Structure formats: C-alpha cells, structure tokens
$ cat upload.cif   # mmCIF, C-alpha atoms
data_input
loop_
_atom_site.label_atom_id
_atom_site.label_comp_id
_atom_site.auth_asym_id
_atom_site.auth_seq_id
_atom_site.Cartn_x
_atom_site.Cartn_y
_atom_site.Cartn_z
CA MET A 1 0.00 0.00 0.00
CA ARG A 2 1.37 3.42 -0.97
CA ASP A 3 2.29 5.74 1.87
CA PRO A 4 -0.30 8.58 1.81
CA ARG A 5 2.26 11.26 2.56
CA GLN A 6 4.60 10.02 -0.15
CA ALA A 7 1.74 9.97 -2.65
CA ALA A 8 0.82 13.56 -1.75
CA LEU A 9 4.45 14.68 -1.99
CA LEU A 10 4.86 13.00 -5.38
CA ALA A 11 1.83 14.90 -6.67
CA ALA A 12 3.18 18.17 -5.23
CA PHE A 13 6.64 17.50 -6.63
CA GLU A 14 5.37 16.80 -10.14
CA ARG A 15 2.99 19.77 -10.08
CA THR A 16 5.77 22.12 -8.98
CA ARG A 17 8.19 20.84 -11.59
CA ARG A 18 5.55 21.41 -14.30
CA GLN A 19 4.91 24.93 -13.02
CA THR A 20 8.61 25.73 -13.26
CA MET A 21 8.78 24.56 -16.85
CA ALA A 22 5.64 26.57 -17.71
CA LEU A 23 7.48 29.70 -16.54
CA VAL A 24 10.29 29.15 -19.04
CA ASP A 25 8.03 28.20 -21.93
CA GLY A 26 8.89 30.40 -24.90
CA LEU A 27 12.27 31.53 -23.61
CA THR A 28 15.34 30.99 -25.78
CA ALA A 29 18.59 29.43 -24.65
CA GLU A 30 20.07 32.94 -24.81
CA ASP A 31 17.32 34.31 -22.53
CA CYS A 32 18.11 31.58 -20.01
CA MET A 33 21.82 32.37 -19.80
CA VAL A 34 21.77 36.12 -19.08
CA GLN A 35 22.97 37.41 -15.68
CA SER A 36 22.29 41.14 -15.48
CA MET A 37 23.78 41.72 -12.01
CA PRO A 38 25.52 39.68 -9.29
CA ASP A 39 22.33 39.41 -7.20
CA ALA A 40 20.34 37.86 -10.05
CA SER A 41 20.95 34.42 -11.52
CA PRO A 42 20.42 33.07 -15.03
CA VAL A 43 17.19 31.15 -15.58
CA LYS A 44 19.29 28.12 -16.60
CA TRP A 45 21.06 28.22 -13.25
CA HIS A 46 17.74 28.28 -11.36
CA LEU A 47 16.53 25.28 -13.37
CA ALA A 48 19.66 23.32 -12.54
CA HIS A 49 19.95 24.37 -8.90
CA ALA A 50 16.41 23.24 -8.06
CA SER A 51 17.31 19.78 -9.37
CA TRP A 52 20.66 19.92 -7.60
CA PHE A 53 18.80 20.29 -4.31
CA PHE A 54 16.84 17.08 -4.82
CA GLU A 55 19.84 15.14 -6.13
CA THR A 56 22.15 16.30 -3.31
CA PHE A 57 19.89 16.20 -0.26
CA VAL A 58 17.35 13.50 -1.15
CA LEU A 59 18.57 11.09 -3.82
CA GLU A 60 22.16 10.84 -2.55
CA ALA A 61 20.86 10.11 0.95
CA VAL A 62 18.82 7.15 -0.32
CA ARG A 63 21.14 5.78 -3.00
CA PRO A 64 24.71 6.95 -2.38
CA ASP A 65 25.88 4.18 -4.72
CA VAL A 66 24.20 5.79 -7.76
CA PRO A 67 26.64 8.12 -9.57
CA PRO A 68 25.52 11.74 -9.99
CA PHE A 69 24.22 13.00 -13.32
CA ASP A 70 27.45 14.99 -13.71
CA PRO A 71 30.03 15.31 -10.88
CA ALA A 72 30.83 18.88 -11.97
CA PHE A 73 27.25 19.97 -11.19
CA ARG A 74 27.93 19.58 -7.46
CA VAL A 75 30.09 22.72 -7.63
CA LEU A 76 28.46 24.59 -10.53
CA PHE A 77 24.94 24.57 -9.06
CA ASN A 78 25.63 24.72 -5.33
CA SER A 79 24.31 28.07 -4.08
CA TYR A 80 25.57 28.74 -0.55
CA TYR A 81 25.85 25.35 1.17
CA VAL A 82 29.37 25.42 2.53
CA GLY A 83 28.81 22.05 4.17
CA VAL A 84 28.33 20.44 0.75
CA GLY A 85 31.59 21.70 -0.68
CA GLU A 86 32.95 24.20 -3.20
CA ARG A 87 30.70 26.66 -5.02
CA HIS A 88 31.01 28.44 -8.34
CA PRO A 89 31.12 32.21 -7.61
CA ARG A 90 27.64 33.71 -7.64
CA PRO A 91 28.56 36.81 -9.73
CA GLU A 92 29.94 34.52 -12.45
CA ARG A 93 26.95 32.27 -13.05
CA GLY A 94 26.37 34.07 -16.34
CA VAL A 95 29.60 32.70 -17.83
CA LEU A 96 28.30 29.12 -17.68
CA SER A 97 27.52 28.71 -21.38
CA ARG A 98 28.20 25.05 -20.75
CA PRO A 99 26.43 22.89 -19.75
CA SER A 100 23.89 23.76 -22.43
CA LEU A 101 20.24 24.43 -21.69
CA ASP A 102 19.37 21.09 -23.29
CA THR A 103 21.76 19.35 -20.88
CA VAL A 104 20.20 21.12 -17.91
CA LEU A 105 16.73 20.11 -19.09
CA GLY A 106 18.00 16.53 -19.40
CA TYR A 107 19.28 16.82 -15.84
CA ARG A 108 15.82 17.87 -14.67
CA GLN A 109 14.22 14.93 -16.48
CA THR A 110 16.65 12.49 -14.89
CA VAL A 111 16.01 13.86 -11.42
CA ASP A 112 12.26 13.83 -12.07
CA ALA A 113 12.35 10.15 -12.98
CA ARG A 114 14.45 9.19 -9.96
CA MET A 115 12.27 11.18 -7.57
CA ALA A 116 9.10 9.61 -9.01
CA GLU A 117 10.61 6.15 -8.54
CA LEU A 118 11.58 6.99 -4.97
CA LEU A 119 8.23 8.42 -3.92
CA ASP A 120 6.23 5.74 -5.69
CA GLY A 121 8.22 3.00 -3.94
CA PRO A 122 8.63 1.66 -0.40
CA PRO A 123 7.91 3.98 2.57
CA GLN A 124 10.71 6.40 3.37
CA SER A 125 11.66 7.97 6.68
CA ALA A 126 9.88 11.06 7.96
CA ARG A 127 13.22 12.89 7.88
CA LEU A 128 13.66 12.18 4.17
CA LEU A 129 10.09 13.16 3.36
CA ASP A 130 10.63 16.42 5.24
CA LEU A 131 13.56 17.11 2.88
CA VAL A 132 11.38 16.37 -0.14
CA GLU A 133 8.76 18.81 1.12
CA LEU A 134 11.44 21.43 1.77
CA GLY A 135 12.75 20.87 -1.76
CA VAL A 136 9.32 21.46 -3.27
CA HIS A 137 8.95 24.77 -1.43
CA HIS A 138 12.54 25.63 -2.27
CA GLU A 139 11.77 25.21 -5.96
CA GLN A 140 8.71 27.43 -5.58
CA GLN A 141 10.97 30.12 -4.17
CA HIS A 142 13.11 29.80 -7.29
CA GLN A 143 10.01 30.12 -9.45
CA GLU A 144 9.58 33.58 -7.97
CA LEU A 145 13.26 34.33 -8.50
CA ILE A 146 13.03 33.26 -12.14
CA LEU A 147 10.44 36.01 -12.67
CA THR A 148 12.17 38.71 -10.65
CA ASP A 149 15.58 37.97 -12.15
CA LEU A 150 14.26 37.64 -15.70
CA LYS A 151 12.53 41.02 -15.37
CA HIS A 152 15.85 42.61 -14.45
CA HIS A 153 17.63 40.78 -17.29
CA PHE A 154 15.11 42.04 -19.87
CA TRP A 155 15.16 45.56 -18.42
CA ARG A 156 18.91 45.75 -18.98
CA ASN A 157 18.39 44.80 -22.63
CA PRO A 158 18.09 48.00 -24.76
CA LEU A 159 15.27 46.32 -26.73
CA ARG A 160 13.24 46.01 -23.50
CA PRO A 161 11.64 42.71 -24.60
CA ALA A 162 8.37 41.50 -23.09
CA TYR A 163 8.25 38.17 -21.28
CA ARG A 164 4.53 37.68 -21.98
CA PRO A 165 1.87 39.65 -23.91
CA PRO A 166 0.02 42.19 -21.72
CA PRO A 167 -3.21 40.85 -20.20
CA THR A 168 -6.55 42.61 -20.37
CA LEU A 169 -7.30 43.81 -16.86
CA ALA A 170 -10.41 45.44 -15.47
CA GLU A 171 -9.39 48.67 -13.80
CA ALA A 172 -10.96 49.79 -10.53
CA PRO A 173 -10.16 52.87 -8.43
CA VAL A 174 -8.10 52.21 -5.34
CA ALA A 175 -9.84 52.45 -1.98
CA ALA A 176 -9.25 55.55 0.12
CA LEU A 177 -6.33 55.09 2.49
CA ARG A 178 -7.59 54.40 6.01
CA PHE A 179 -5.76 53.42 9.17
CA LEU A 180 -7.38 50.58 11.11
CA PRO A 181 -6.82 50.81 14.87
CA SER A 182 -5.65 47.91 17.00
CA ASP A 183 -5.42 47.70 20.78
CA GLY A 184 -2.40 45.42 20.51
CA GLY A 185 -1.62 43.45 23.65
CA LEU A 186 -0.17 39.99 24.11
CA ALA A 187 0.06 38.16 20.79
CA ASP A 188 1.27 34.78 19.57
CA ILE A 189 3.60 35.07 16.58
CA GLY A 190 5.09 32.40 14.33
CA HIS A 191 3.88 29.30 12.53
CA ASP A 192 1.74 26.93 14.56
CA GLY A 193 0.56 24.57 11.83
CA PRO A 194 -0.96 22.76 10.18
CA GLY A 195 0.97 22.70 6.96
CA PHE A 196 4.50 23.48 5.88
CA ALA A 197 6.61 26.35 7.20
CA PHE A 198 10.27 27.26 6.83
CA ASP A 199 12.36 26.99 9.96
CA ASN A 200 12.69 30.78 10.27
CA GLU A 201 8.93 30.99 10.93
CA THR A 202 9.37 29.05 14.16
CA PRO A 203 9.11 28.61 17.06
CA ARG A 204 5.79 30.25 17.85
CA HIS A 205 6.25 32.70 20.69
CA ARG A 206 4.58 35.58 22.51
CA VAL A 207 5.19 39.29 21.98
CA TRP A 208 3.71 42.44 23.48
CA LEU A 209 2.29 45.02 21.08
CA GLU A 210 1.50 48.57 22.06
CA PRO A 211 -1.66 50.04 20.47
CA PHE A 212 -1.13 50.91 16.80
CA ALA A 213 -2.95 51.61 13.55
CA PHE A 214 -2.41 49.78 10.26
CA ALA A 215 -3.08 51.02 6.72
CA CYS A 216 -5.88 49.22 4.90
CA ARG A 217 -3.83 48.82 1.71
CA PRO A 218 -0.35 49.37 0.27
CA VAL A 219 0.80 52.79 -0.91
CA SER A 220 -0.27 53.54 -4.50
CA ASN A 221 1.75 54.91 -7.40
CA ARG A 222 -0.27 58.13 -7.24
CA GLU A 223 0.67 58.63 -3.59
CA TYR A 224 4.31 57.81 -4.24
CA GLN A 225 4.44 60.24 -7.16
CA ALA A 226 3.46 62.98 -4.70
CA PHE A 227 6.52 62.06 -2.64
CA ILE A 228 8.70 62.35 -5.76
CA ALA A 229 7.11 65.67 -6.75
CA ASP A 230 7.77 67.03 -3.25
CA GLY A 231 11.48 66.37 -3.65
CA GLY A 232 11.47 63.13 -1.68
CA TYR A 233 14.65 61.88 -3.33
CA ALA A 234 16.46 65.17 -2.67
CA ARG A 235 15.59 65.72 1.01
CA ALA A 236 18.24 64.21 3.24
CA GLU A 237 16.14 64.80 6.38
CA LEU A 238 13.73 62.07 5.26
CA TRP A 239 16.36 59.37 4.87
CA LEU A 240 18.39 57.11 7.09
CA SER A 241 22.06 58.02 6.76
CA ASP A 242 23.04 54.82 4.99
CA GLY A 243 19.96 55.08 2.78
CA TRP A 244 20.78 58.67 1.80
CA ASP A 245 24.34 57.67 0.90
CA THR A 246 23.03 54.80 -1.24
CA CYS A 247 20.42 57.02 -2.89
CA GLN A 248 23.09 59.54 -3.88
CA GLN A 249 25.67 57.00 -4.99
CA GLU A 250 23.19 55.10 -7.17
CA GLY A 251 21.34 58.18 -8.40
CA TRP A 252 17.85 57.09 -7.35
CA GLN A 253 15.10 59.43 -8.49
CA ALA A 254 12.15 57.01 -8.64
CA PRO A 255 11.40 53.32 -8.09
CA LEU A 256 13.41 50.83 -10.10
CA TYR A 257 12.05 50.35 -13.65
CA TRP A 258 10.41 53.81 -13.74
CA GLN A 259 11.38 56.20 -16.52
CA ARG A 260 10.16 59.76 -17.00
CA ALA A 261 8.31 60.08 -20.32
CA ASP A 262 7.92 63.86 -19.93
CA PRO A 263 7.77 66.26 -16.93
CA GLU A 264 4.26 65.06 -16.07
CA ARG A 265 4.30 61.36 -16.96
CA TRP A 266 6.18 58.24 -15.93
CA THR A 267 6.45 54.91 -17.68
CA VAL A 268 7.45 51.60 -16.09
CA PHE A 269 9.07 48.46 -17.43
CA THR A 270 7.07 45.31 -16.67
CA LEU A 271 7.22 41.66 -17.65
CA HIS A 272 4.81 42.69 -20.42
CA GLY A 273 7.08 45.47 -21.69
CA GLN A 274 7.12 49.25 -21.17
CA ARG A 275 3.84 50.98 -20.32
CA PRO A 276 2.53 54.07 -18.48
CA VAL A 277 2.57 53.97 -14.69
CA HIS A 278 -0.96 53.25 -13.48
CA PRO A 279 -1.72 55.63 -10.59
CA ASP A 280 -3.88 53.19 -8.62
CA GLU A 281 -1.51 50.21 -8.63
CA PRO A 282 0.63 49.60 -5.54
CA VAL A 283 4.03 51.22 -5.86
CA CYS A 284 6.54 48.49 -6.57
CA HIS A 285 10.29 47.91 -6.74
CA VAL A 286 11.24 50.21 -3.89
CA GLY A 287 13.86 49.22 -1.33
CA TYR A 288 13.62 49.48 2.42
CA TYR A 289 15.42 52.83 2.39
CA GLU A 290 12.82 54.30 0.04
CA ALA A 291 9.94 52.76 1.99
CA ASP A 292 11.25 54.22 5.25
CA ALA A 293 11.79 57.66 3.70
CA TYR A 294 8.29 57.66 2.22
CA ALA A 295 6.75 56.66 5.54
CA ARG A 296 8.55 59.51 7.30
CA TRP A 297 7.40 61.96 4.60
CA ALA A 298 3.80 60.70 5.01
CA GLY A 299 3.84 61.24 8.79
CA ALA A 300 3.74 57.53 9.47
CA ARG A 301 6.15 54.60 9.82
CA LEU A 302 6.61 51.06 8.59
CA PRO A 303 4.97 48.32 10.67
CA THR A 304 6.98 45.83 12.66
CA GLU A 305 6.75 42.27 11.41
CA GLN A 306 4.96 41.35 14.65
CA GLU A 307 2.29 44.01 14.02
CA TRP A 308 1.97 42.85 10.44
CA GLU A 309 1.46 39.21 11.40
CA TYR A 310 -0.98 40.12 14.19
CA VAL A 311 -3.13 42.03 11.71
CA ALA A 312 -2.89 39.22 9.17
CA GLN A 313 -4.08 36.73 11.78
CA SER A 314 -6.85 39.06 12.94
CA ASN A 315 -8.23 39.86 9.48
CA LEU A 316 -8.17 43.59 10.19
CA ALA A 317 -7.11 44.45 6.64
CA ARG A 318 -7.35 42.99 3.17
CA SER A 319 -5.97 43.90 -0.21
CA ALA A 320 -8.05 46.53 -1.99
CA ALA A 321 -7.19 45.10 -5.41
CA PRO A 322 -7.57 41.58 -6.80
CA VAL A 323 -4.42 39.55 -6.41
CA ARG A 324 -2.85 38.64 -9.74
CA ASP A 325 0.11 36.55 -10.65
CA ALA A 326 3.10 37.97 -12.51
CA ALA A 327 1.50 37.07 -15.85
CA GLY A 328 -1.53 39.20 -14.94
CA HIS A 329 -4.00 36.38 -14.28
CA PRO A 330 -6.33 36.72 -11.25
CA ARG A 331 -5.97 34.24 -8.43
CA PRO A 332 -8.04 33.81 -5.28
CA GLN A 333 -7.25 35.20 -1.88
CA THR A 334 -6.51 32.68 0.83
CA PRO A 335 -9.67 31.65 2.70
CA ASP A 336 -8.71 33.30 5.98
CA GLY A 337 -7.79 36.56 4.22
CA PRO A 338 -4.28 37.42 5.41
CA VAL A 339 -3.00 40.88 4.57
CA HIS A 340 -1.71 40.41 1.03
CA GLY A 341 -1.53 42.58 -2.03
CA ASP A 342 0.38 42.51 -5.26
CA VAL A 343 3.68 43.47 -3.60
CA TRP A 344 5.85 42.32 -0.74
CA GLU A 345 5.60 44.82 2.12
CA TRP A 346 8.68 46.09 3.94
CA THR A 347 8.62 46.07 7.72
CA GLN A 348 10.89 47.97 10.08
CA SER A 349 12.06 44.67 11.59
CA ALA A 350 15.57 43.34 11.16
CA TYR A 351 15.75 39.71 10.08
CA LEU A 352 16.69 37.94 13.31
CA PRO A 353 16.01 34.52 14.85
CA TYR A 354 12.91 34.02 16.94
CA PRO A 355 13.49 33.14 20.62
CA GLY A 356 14.49 29.48 20.77
CA PHE A 357 15.23 29.17 17.04
CA LYS A 358 17.55 26.30 16.14
CA PRO A 359 18.66 25.56 12.57
CA ALA A 360 18.47 21.98 11.35
CA ALA A 361 21.53 19.78 11.68
CA GLY A 362 23.82 19.39 8.70
CA ALA A 363 24.24 21.42 5.52
CA VAL A 364 20.49 21.87 5.05
CA GLY A 365 20.53 23.93 8.25
CA GLU A 366 22.25 26.67 6.23
CA TYR A 367 18.94 27.34 4.47
CA ASN A 368 17.92 30.40 6.52
CA GLY A 369 19.78 30.82 9.78
CA LYS A 370 23.11 32.07 8.49
CA PHE A 371 21.45 35.01 6.71
CA MET A 372 20.09 36.54 9.92
CA ILE A 373 22.24 39.67 9.69
CA ASN A 374 22.11 42.92 7.66
CA GLN A 375 18.67 42.14 6.19
CA MET A 376 15.16 43.50 6.69
CA VAL A 377 11.93 41.48 6.79
CA LEU A 378 9.19 41.73 4.18
CA ARG A 379 5.78 40.22 4.66
CA GLY A 380 2.80 39.15 2.59
CA GLY A 381 3.63 38.12 -0.93
CA SER A 382 3.59 39.52 -4.44
CA CYS A 383 2.20 38.88 -7.90
CA ALA A 384 5.22 36.60 -8.45
CA THR A 385 4.85 34.58 -5.23
CA PRO A 386 3.55 30.99 -5.53
CA TYR A 387 0.12 30.80 -3.98
CA GLY A 388 1.18 28.16 -1.46
CA HIS A 389 3.61 30.61 0.14
CA ILE A 390 0.94 33.12 1.10
CA ARG A 391 0.52 32.76 4.86
CA PRO A 392 0.66 35.18 7.80
CA SER A 393 3.88 33.73 9.24
CA TYR A 394 6.00 33.75 6.04
CA ARG A 395 9.19 35.80 6.46
CA ASN A 396 10.89 37.12 3.36
CA PHE A 397 14.13 39.07 3.76
CA PHE A 398 16.46 41.20 1.68
CA PRO A 399 19.15 43.84 2.20
CA PRO A 400 17.66 47.33 2.67
CA SER A 401 18.94 48.56 -0.70
CA ALA A 402 17.39 45.69 -2.72
CA ARG A 403 14.86 46.95 -5.27
CA TRP A 404 14.49 44.27 -7.95
CA GLN A 405 11.99 42.25 -5.96
CA PHE A 406 8.26 43.05 -6.21
CA SER A 407 8.44 45.07 -2.99
CA GLY A 408 6.20 47.91 -1.85
CA ILE A 409 5.02 49.84 1.18
CA ARG A 410 2.29 49.56 3.78
CA LEU A 411 2.14 52.22 6.48
CA ALA A 412 1.50 52.05 10.21
CA ARG A 413 1.19 54.57 13.04
#

$ encode --input "upload.cif" --output "structure tokens"
Amino acid sequence: MRDPRQAALLAAFERTRRQTMALVDGLTAEDCMVQSMPDASPVKWHLAHASWFFETFVLEAVRPDVPPFDPAFRVLFNSYYVGVGERHPRPERGVLSRPSLDTVLGYRQTVDARMAELLDGPPQSARLLDLVELGVHHEQQHQELILTDLKHHFWRNPLRPAYRPPPTLAEAPVAALRFLPSDGGLADIGHDGPGFAFDNETPRHRVWLEPFAFACRPVSNREYQAFIADGGYARAELWLSDGWDTCQQEGWQAPLYWQRADPERWTVFTLHGQRPVHPDEPVCHVGYYEADAYARWAGARLPTEQEWEYVAQSNLARSAAPVRDAAGHPRPQTPDGPVHGDVWEWTQSAYLPYPGFKPAAGAVGEYNGKFMINQMVLRGGSCATPYGHIRPSYRNFFPPSARWQFSGIRLAR
C-alpha cells in the first residue's frame, strides 16, 4: 500500500516541476543564460539548482551508490551550502555557457524520474520526506526568482523585450487610504501549523504590542508620485544616513524600472514590456530605504513584522485590489484573508532569529539561519509569489537597498 504522505508529496513534486517549466516556456537558450547583475541568476542556473537540491539532499541520501548526473554539477549549481563543498562564484553564473540548456533540461528529467521512482516506492523515513517537502517549497521560491531575475535581465536589454503579452485587466479605483486601529496586547507570533513552514517561521512565541494603527492597503503609485514631486529623493532629512548615501551613490530618483516620459508622466518596465505607470496600482520595486523615507514623509512609519502578522491573523485588513500573478492572471485570496496585495511589504524589523530558534543539523541547516544579519523582513507576498507561500507567518528578507523584488510599502502609526 502506498504511503499517503509520499503519494501527496509526489503529486506536489510533479505539479511544482511542471509549473517551473511553464514559466520558461517560450524563452530561448540565450534568454536563459543572461545574468544582469551579481544578485540575479540566469534562468538556466535556477533550473539546474532546483534539481541539484533534490539530487544532493534527497537522492544521494537514499542511494549513495548511484553516480551523480554529472560530478561537476555539485560545484556549478551549489548556491551557498558550505557544508556540501565548493561553489562556483555567484557573480559569475552568467559565464556558464556550458552545460547547455538542453543538458540542464535533461538533468531535470533524470532527477524527475528518480524522484518519481523513490516516492512511488517503499515507505521512506519522515526525515527524508521532510527534505522532499522542503525541496518542493525551495523550488517554488526559485520560481519567484526566475520572474524577478528575468525582469531585471530584460530591463537591462536595450530592446526592452516583453516576457509575456500584456493581459486585459479590469481597472478599478483604489480604496481611500484608512488606518485601522488595533489595541495590541499579548500576541502569539510564528507558525503553529498545520501545513509546511520554513524553519525561520518558528518557534511560535509571545510578543507584546503597544496600540497601533495599520493602513488598509499598500501605498499607491499616485501617492508615491506625490513624494517624488515634493522632492522626496532630494531631502536628506527624510532618509536614514546609509539610505541617503546609497540614494546619492546610485542616483535614485524614482522606483526601479520607472522612466520619466515627460515632466508630467512616468512609464514603467514590466514583464509585459514598457507601459505608463498606473496611478492606482501599488508602488513596486522600492527598497527598504525608500519605503522608510516615504513613511517619514507621510507622517507615518513602517509596521513591525509582529504588528503585520498580528493584523494578518486578525483579518483587520485585506488587499483593496484583486491579487494577480506575474503574468496578470487573477488568483483567489486565501480563505482566511491574510494581509496580502500585489507586492511584498517592507517592515521595520531586522531579520533575526525568533526566541528558541535552532537551525536543522547538517548542511540543510544553512537554508535560513546564516542570513540573519544585515537584512530586513518583508511580509505578505507579491504577484510573483507561488500561492502556497501566502501565509501570515511567512518571512521574506532582503538587504535594505534591494529593489528588484516586487516590494512595496504599507504604512502604520
């Protein structure tokens, strides 16, 4: 009799692998090799690395006697797992013209077949099945990175190519910005099940929240344009010192991907090509420094991640706009309605371990814990986030200057 958990994981594995390949449908081998900056990886590398994870942490654990698909892949497609061994330098992933895209796709097919054989066979240990589940969610994270990285790759191309044709969307005016009051108090924060969570969402613990108010929706492009028009990028008093230095050094004058069409109009580069900035969409592709400066200009602040999660659990706010994926197709909200819009939302919280956090033993324990320094937490999800990752306890994190993610702003007071 098939193990029910293994059967469910096989279905999830195969569904996720198909979703990844759907994202790259229509891309050329040249598209899949570009690396436009050190923080972004080629699509081909993402495709290989997701398979590398399953081969290295799952298949080798079960059948160490089976030779790897290619011994060189252990170094070429290792991301940051020092415990596994050497790693090809991240900024140089774009030089990997070999192996070819066809070889990488063959690698995926081989791993797919071996994983299907494993999960359709005799019962495996709970520890191994936990690694399979982690690998599925890990690949979903790379699905999001494929879209964010590819957008940056195409933006750097002078032709500004479109990833997909623009969808037909029904436009609706954004709701008036309101602040929803909360009494705060003692709150439980962190994942408490059921279902999957990354280790950085645990353990669940208690925090004290002073009374606060939380914006009903993210900041819109129209509102952010007022900040720009008021000299927001030229007023040092609005910025953190490090943020001001970064703003000046990098010449920021607007969110990433914005371009001034004339003194009164902005255009923005999207996965569907260049188009006018829509005033009612959430402002997107701003870093923490910009979000913090805007909040100060607006007489507000960014929420803490504890406030954000408390509101998400309490259903005190919902997105004012329908949630769409990065291709523009609508998708449903989660049944319990966590705070979620079309953009990740910066918080004022540094990315740190929860009280009692312990990383897993071995190399897989490097997944989250070692990045708990010099990063800020984002919450919610974006149009590029796989639906299964939308939950109140999910903790995304990036350096405060990062702007190529689908990141926006929600205010608090």

$ resolve_selection --input "upload.cif" --expression "the PyMOL selection byres ((chain A and resi 162) around 10)" --output "PyMOL selection string"
chain A and resi 151+154-155+159-161+163-166+269-274

$ residues_near_point --input "upload.cif" --point "(19.7, 35.2, -17.4)" --cutoff "12 Å" --atoms "only C-alpha atoms" --output "ChimeraX atom specification"
/A:24,27-47,91-97,101,145-157

$ atom_distance --input "upload.cif" --atom1 "atom CA of Arg108 of chain A" --atom2 "atom CA of Trp52 of chain A"
8.8 Å

$ residues_around --input "upload.cif" --residues "segment 126-139 of chain A" --least-positions-apart "4" --cutoff "8 Å" --atoms "all atoms listed in the file" --output "list in words"
Gln6, Leu9, Ala12, Phe13, Thr16, Arg17, Thr20, Ala50, Phe53, Phe54, Phe57, Val58, Gln143, Phe196 and Phe198 of chain A

$ resolve_selection --input "upload.cif" --expression "the PyMOL selection byres ((chain A and resi 284-301) around 9)" --output "PyMOL selection string"
chain A and resi 220-221+224+227+232-233+237-240+242-244+246-247+254-257+281-283+302-303+342-344+346-348+376+398-413

$ atom_distance --input "upload.cif" --atom1 "atom CA of Phe357 of chain A" --atom2 "atom CA of Pro203 of chain A"
6.1 Å

$ resolve_selection --input "upload.cif" --expression "the PyMOL selection byres ((chain A and resi 7) around 12)" --output "list in words"
Met1, Arg2, Asp3, Pro4, Arg5, Gln6, Ala8, Leu9, Leu10, Ala11, Ala12, Phe13, Glu14, Met115, Ala116, Glu117, Leu118, Leu119, Asp120, Gly121, Pro122, Pro123, Gln124, Leu129, Val132 and Glu133 of chain A
